[in-house]
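Asker: One structure is given below, represented as structure tokens, and several questions about it will come after.
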Amino acid sequence: MAAKRKTPVKSRNPDLIRGVGKYSRSKMYHKRGLWAIKAKHGGVFPRHAPQPKAPTAAEKPPKFYPADDVKKPLLNKRKPKLTKLRASITPGTVLILLAGRFMGKRVVFLKQLPSGLLLVTGPFKINGVPLRRVNQSYVIATSTKVDISGVNLDKFDDKYFAKEVEKKKKKGEGEFFEAEKEDKKKLPEDKKEDQKAVDASLIKSIEGVPDLKAYLAARFSLKSGMKPHELAF
Amino acid sequence: MPFKRYVEIGRVALVNYGKDYGKLVVIVDVVDQNRALVDAPDMVRGQMNFKRLTLTDITIDIPRVPKKKTLIEAMEKDDVKTKWENSSWGRKLIVQKRRASLNDFDRFKLMLAKIKRAGVVRQELAKLKKENSS
């Protein structure tokens with residue numbers, strides 16, 4: 001930025017009404033003192049010497065011109081913002097999953113990933129929910145919190161959960177039948193180790209609170225007489 | 001069946017409708033057939049329809065339309081708060097409020113406690129049955 005003036009610049013051309021200034025172009029030329037600047041520089045307006053342009057490579061004419069003119073879509077440089085996390089969801093909150101394979105399970109919230117999804121763990125030993133991503137909309141946040149300070153979550157992000165890309169094998173005739181054999185992919189050992197590492201300190205803090213372990217092991221369900229809009233979670 | 005709780009100056013009533021729902025107020029004056037002037041230590045004195053009030057057994061000794069300070073002193077002297085909280089009606093309301101504010105974890109702990117109590121009761125019953133039958 002240019003050097004700041006001591007007083008902010010006040011417009012020399014006050015508005016008569018919005019869009020119409022009081023002084024004409026020639027009057028403003030005089031007011032701004034452009035005649036004095038020109039006189040100082042010998043009748044010419046001072047210009048910067050043109051910067052030497054980097055030599056551009058010679059462009060070859062394109063080999064192919066499309067038959068019809070195709071409109072290019074407009075450039076969009078907007079980046080999506082991280083999903084706003086509900087105020088009731090803080091690291092260590094116990095969440096109730098509302099949909100999917102683990103519907104009704106009570107899980108511990110770890111952190112929000114850069115994609116906006118919530119990183120969540122059972123812990124696995126307690127209720128069988130592994131390190132998993134979950135959408136905020138499919139979750140009820142309870143007011144129960146677990147102490148999560150002993151856990152290192154730096155290595156978990158969305159790339160950790162990406163599906164493994166299978167290498168395409170050229171299928172011969174005999175291999176058609178053998179490909180059916182491996183239906184279940186085994187979970188790699190390092191993911192199991194990560195799960196154990198995260199759960200170790202969590203389980204310790206969970207066992208410090210009476211009944212919390214059994215609470216996390218049980219599933220949530222609506223019983224007779226429970227009105228969700230009147231329940232406090 | 002005569003009436004036992006009368007509208008009088010000093011009658012403590014429970015608000016059962018509106019902005020001050022659940023509060024204990026004192027009837028401080030009667031405006032007309034339907035409305036009373038009503039006051040409480042934490043409320044601006046104002047009129048309320050009798051239909052919004054449920055009379056309680058508690059009365060306090062106050063002159064008509066007392067100053068706030070006098071009202072508070074009279075309520076302290078007659079111990080309205082403790083009388084209310086020890087009455088069965090007051091205790092029921094407190095339990096209702098507590099049940100409504102239960103956490104999901106609290107409800108789980110309550111369920112465990114209920115199961116435990118039922119287990120103990122059933123054991124005693126089985127013991128008594130055995131003694132009786134033998």
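Ligands are numbered from 1 in the order shown, residues from 1 within each chain, and chains are lettered A, B, ... in the order they appear in the structure tokens.
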What are the closest atom pairs, with distances in Å to one decimal, for all residues of chain A lying within 8 Å of chain B? Consider only C-alpha atoms, order rows by chain and residue number, and present the result as a tab-separated table.

Answerer:
```
residue	atom	partner	partner_atom	distance
A:Thr142	CA	B:Asp104	CA	6.7
A:Ser143	CA	B:Asn103	CA	7.0
A:Thr144	CA	B:Phe105	CA	6.9
A:Asp211	CA	B:Lys109	CA	7.1
A:Leu212	CA	B:Phe105	CA	7.9
A:Tyr215	CA	B:Phe108	CA	6.7
A:Glu230	CA	B:Ala100	CA	7.6
A:Leu231	CA	B:Ala100	CA	6.9
A:Ala232	CA	B:Asn103	CA	5.7
A:Phe233	CA	B:Asn103	CA	5.0
```

Asker: Write the residues of the preceding selection, restricted to N, CA, C and O atoms, as a short mmCIF file (atom, residue, chain, number, x, y, z; two decimals), in the first residue's frame.

Answerer:
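That gives us out.cif:
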```
data_model
loop_
_atom_site.label_atom_id
_atom_site.label_comp_id
_atom_site.auth_asym_id
_atom_site.auth_seq_id
_atom_site.Cartn_x
_atom_site.Cartn_y
_atom_site.Cartn_z
N THR A 142 -25.35 -34.72 22.94
CA THR A 142 -25.79 -34.70 24.33
C THR A 142 -24.91 -33.72 25.09
O THR A 142 -23.94 -33.19 24.56
N SER A 143 -25.27 -33.46 26.32
CA SER A 143 -24.46 -32.52 27.09
C SER A 143 -23.40 -33.24 27.91
O SER A 143 -22.73 -32.62 28.72
N THR A 144 -23.23 -34.55 27.70
CA THR A 144 -22.20 -35.30 28.41
C THR A 144 -20.87 -35.14 27.69
O THR A 144 -20.79 -35.32 26.48
N ASP A 211 -20.53 -45.63 35.40
CA ASP A 211 -21.62 -45.95 34.47
C ASP A 211 -21.40 -45.43 33.06
O ASP A 211 -22.19 -45.73 32.17
N LEU A 212 -20.36 -44.63 32.80
CA LEU A 212 -20.21 -44.04 31.47
C LEU A 212 -19.90 -45.11 30.44
O LEU A 212 -20.34 -45.06 29.29
N TYR A 215 -22.98 -46.79 29.53
CA TYR A 215 -23.79 -45.84 28.77
C TYR A 215 -23.38 -45.83 27.31
O TYR A 215 -24.22 -45.85 26.41
N GLU A 230 -39.51 -32.62 23.90
CA GLU A 230 -39.50 -32.22 25.32
C GLU A 230 -38.30 -32.77 26.06
O GLU A 230 -38.09 -32.44 27.22
N LEU A 231 -37.53 -33.66 25.39
CA LEU A 231 -36.39 -34.24 26.09
C LEU A 231 -35.23 -33.26 26.10
O LEU A 231 -34.99 -32.56 25.12
N ALA A 232 -34.49 -33.27 27.23
CA ALA A 232 -33.25 -32.51 27.24
C ALA A 232 -32.13 -33.51 27.02
O ALA A 232 -32.04 -34.51 27.73
N PHE A 233 -31.28 -33.26 26.01
CA PHE A 233 -30.18 -34.19 25.78
C PHE A 233 -28.92 -33.67 26.43
O PHE A 233 -27.93 -34.29 26.37
#
```

Asker: Find the spatial neighbours of range 21-34 of chain B, counting only C-alpha atoms, within a cut-off of 6 Å - ignore same-chain residues fewer than 2 positions away - and output them as a count of residues only.

Answerer: 20

Asker: Would you kindly return, as a ChimeraX atom specification, each protein, DNA or RNA residue with an atom no farther than 12 Å from any atom of Lys105 in chain A, considering only C-alpha atoms and excluding same-chain residues fewer than 3 positions away?

Answerer: /A:94-102,108,120-124,126-130,138-140,214-221

Asker: Please produce an output containing N, CA and C atoms for each residue in the selection, written as an mmCIF file, in the first residue's frame.

Answerer:
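Here's the written file again15.cif:
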```cif
data_model
loop_
_atom_site.group_PDB
_atom_site.id
_atom_site.type_symbol
_atom_site.label_atom_id
_atom_site.label_comp_id
_atom_site.auth_asym_id
_atom_site.auth_seq_id
_atom_site.Cartn_x
_atom_site.Cartn_y
_atom_site.Cartn_z
ATOM 1 N N VAL A 94 -20.378 -36.485 23.850
ATOM 2 C CA VAL A 94 -20.981 -37.760 23.464
ATOM 3 C C VAL A 94 -22.109 -37.460 22.488
ATOM 4 N N LEU A 95 -22.040 -38.101 21.296
ATOM 5 C CA LEU A 95 -23.059 -37.873 20.281
ATOM 6 C C LEU A 95 -23.894 -39.135 20.119
ATOM 7 N N ILE A 96 -25.137 -38.972 19.687
ATOM 8 C CA ILE A 96 -25.980 -40.121 19.362
ATOM 9 C C ILE A 96 -26.106 -40.165 17.846
ATOM 10 N N LEU A 97 -25.677 -41.275 17.221
ATOM 11 C CA LEU A 97 -25.776 -41.400 15.774
ATOM 12 C C LEU A 97 -27.211 -41.762 15.401
ATOM 13 N N LEU A 98 -27.727 -41.096 14.383
ATOM 14 C CA LEU A 98 -29.141 -41.266 14.072
ATOM 15 C C LEU A 98 -29.401 -42.109 12.850
ATOM 16 N N ALA A 99 -28.376 -42.405 12.052
ATOM 17 C CA ALA A 99 -28.632 -43.142 10.816
ATOM 18 C C ALA A 99 -27.422 -43.979 10.491
ATOM 19 N N GLY A 100 -27.623 -44.943 9.665
ATOM 20 C CA GLY A 100 -26.511 -45.759 9.200
ATOM 21 C C GLY A 100 -26.381 -47.029 10.003
ATOM 22 N N ARG A 101 -25.260 -47.696 9.806
ATOM 23 C CA ARG A 101 -25.042 -48.997 10.418
ATOM 24 C C ARG A 101 -25.038 -48.911 11.942
ATOM 25 N N PHE A 102 -24.572 -47.778 12.461
ATOM 26 C CA PHE A 102 -24.428 -47.641 13.916
ATOM 27 C C PHE A 102 -25.524 -46.762 14.494
ATOM 28 N N VAL A 108 -18.083 -40.883 20.896
ATOM 29 C CA VAL A 108 -17.344 -39.713 21.371
ATOM 30 C C VAL A 108 -16.874 -38.900 20.170
ATOM 31 N N VAL A 120 -15.195 -39.300 14.616
ATOM 32 C CA VAL A 120 -15.894 -39.861 15.768
ATOM 33 C C VAL A 120 -15.314 -41.244 16.048
ATOM 34 N N THR A 121 -15.266 -41.628 17.327
ATOM 35 C CA THR A 121 -14.859 -43.000 17.634
ATOM 36 C C THR A 121 -15.722 -43.535 18.755
ATOM 37 N N GLY A 122 -15.906 -44.911 18.800
ATOM 38 C CA GLY A 122 -16.815 -45.583 19.730
ATOM 39 C C GLY A 122 -16.635 -45.207 21.180
ATOM 40 N N PRO A 123 -15.516 -45.486 21.790
ATOM 41 C CA PRO A 123 -14.330 -46.224 21.354
ATOM 42 C C PRO A 123 -14.638 -47.665 20.920
ATOM 43 N N PHE A 124 -13.799 -48.189 20.060
ATOM 44 C CA PHE A 124 -14.094 -49.449 19.386
ATOM 45 C C PHE A 124 -14.308 -50.580 20.380
ATOM 46 N N ILE A 126 -15.491 -50.467 23.277
ATOM 47 C CA ILE A 126 -16.711 -50.335 24.074
ATOM 48 C C ILE A 126 -17.952 -50.630 23.258
ATOM 49 N N ASN A 127 -18.067 -50.011 22.077
ATOM 50 C CA ASN A 127 -19.314 -50.254 21.357
ATOM 51 C C ASN A 127 -19.136 -50.630 19.892
ATOM 52 N N GLY A 128 -17.902 -50.896 19.446
ATOM 53 C CA GLY A 128 -17.740 -51.410 18.087
ATOM 54 C C GLY A 128 -17.758 -50.348 17.011
ATOM 55 N N VAL A 129 -17.803 -49.071 17.372
ATOM 56 C CA VAL A 129 -17.745 -48.026 16.358
ATOM 57 C C VAL A 129 -16.282 -47.642 16.182
ATOM 58 N N PRO A 130 -15.717 -47.787 14.967
ATOM 59 C CA PRO A 130 -14.310 -47.449 14.766
ATOM 60 C C PRO A 130 -14.152 -45.953 14.550
ATOM 61 N N TYR A 138 -26.737 -35.795 11.083
ATOM 62 C CA TYR A 138 -27.277 -37.096 11.472
ATOM 63 C C TYR A 138 -26.863 -37.448 12.887
ATOM 64 N N VAL A 139 -26.834 -36.443 13.722
ATOM 65 C CA VAL A 139 -26.248 -36.628 15.038
ATOM 66 C C VAL A 139 -27.013 -35.785 16.042
ATOM 67 N N ILE A 140 -27.254 -36.362 17.234
ATOM 68 C CA ILE A 140 -27.783 -35.545 18.332
ATOM 69 C C ILE A 140 -26.630 -35.345 19.301
ATOM 70 N N ALA A 214 -20.883 -48.276 30.435
ATOM 71 C CA ALA A 214 -22.114 -48.991 30.083
ATOM 72 C C ALA A 214 -23.007 -48.098 29.237
ATOM 73 N N TYR A 215 -22.982 -46.790 29.525
ATOM 74 C CA TYR A 215 -23.788 -45.837 28.772
ATOM 75 C C TYR A 215 -23.377 -45.826 27.308
ATOM 76 N N LEU A 216 -22.044 -45.816 27.070
ATOM 77 C CA LEU A 216 -21.584 -45.772 25.690
ATOM 78 C C LEU A 216 -21.823 -47.106 24.993
ATOM 79 N N ALA A 217 -21.857 -48.196 25.780
ATOM 80 C CA ALA A 217 -22.068 -49.491 25.154
ATOM 81 C C ALA A 217 -23.521 -49.682 24.741
ATOM 82 N N ALA A 218 -24.456 -48.990 25.415
ATOM 83 C CA ALA A 218 -25.876 -49.193 25.131
ATOM 84 C C ALA A 218 -26.285 -48.350 23.944
ATOM 85 N N ARG A 219 -27.351 -48.769 23.257
ATOM 86 C CA ARG A 219 -27.884 -47.987 22.156
ATOM 87 C C ARG A 219 -29.008 -47.103 22.667
ATOM 88 N N PHE A 220 -29.229 -45.985 21.993
ATOM 89 C CA PHE A 220 -30.321 -45.094 22.341
ATOM 90 C C PHE A 220 -31.554 -45.503 21.571
ATOM 91 N N SER A 221 -32.713 -45.479 22.232
ATOM 92 C CA SER A 221 -33.946 -45.679 21.478
ATOM 93 C C SER A 221 -35.050 -44.894 22.158
#
```

Asker: Give me the residues within 12 Å of Arg25 in chain A as number ranges by chain, counting only C-alpha atoms and dropping any in the same chain fewer than 5 places off.

Answerer: A: 13, 20, 30-32, 34

Asker: Contacts of Asp199 in chain A at 8 Å or less, counting only C-alpha atoms, minus same-chain residues fewer than 2 places along, as a PyMOL selection string?

Answerer: chain A and resi 121+123-125+195-197+201-203

Asker: Between B:Thr59, B:Val95, B:Pro66, B:Lys51, single out the one closest to Asp78 in chain B, counting only C-alpha atoms.

Answerer: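 Distance minimum relative to Asp78 in chain B lands on B:Thr59.
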
Asker: Apply DSSP to the structure's backbone, then extract all residues of chain B labelled strand (DSSP E or B) and return them as a list of chain:residue names.

Answerer: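 Taking chain B and keeping strand (DSSP E or B) gives B:Arg11, B:Val12, B:Ala13, B:Leu14, B:Val15, B:Leu24, B:Val25, B:Val26, B:Ile27, B:Val28, B:Asp29, B:Val30, B:Arg35, B:Ala36, B:Leu37, B:Val38, B:Asp39, B:Gly46, B:Gln47, B:Met48, B:Asn49, B:Leu53, B:Thr54, B:Leu55, B:Thr56, B:Asp57, B:Ile58, B:Thr59.
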
Asker: Quote the spacing between CA of Lys111 in chain A and CA of Asp157 in chain A in Å to one decimal place.

Answerer: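 It comes out at 9.7 Å.
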
Asker: If you run DSSP over the backbone, which residues in chain B end up helix (DSSP H, G or I)? Put them as an NGL selection string.

Answerer: :B and (50-52 or 68-77 or 80-86 or 88-100 or 104-133)
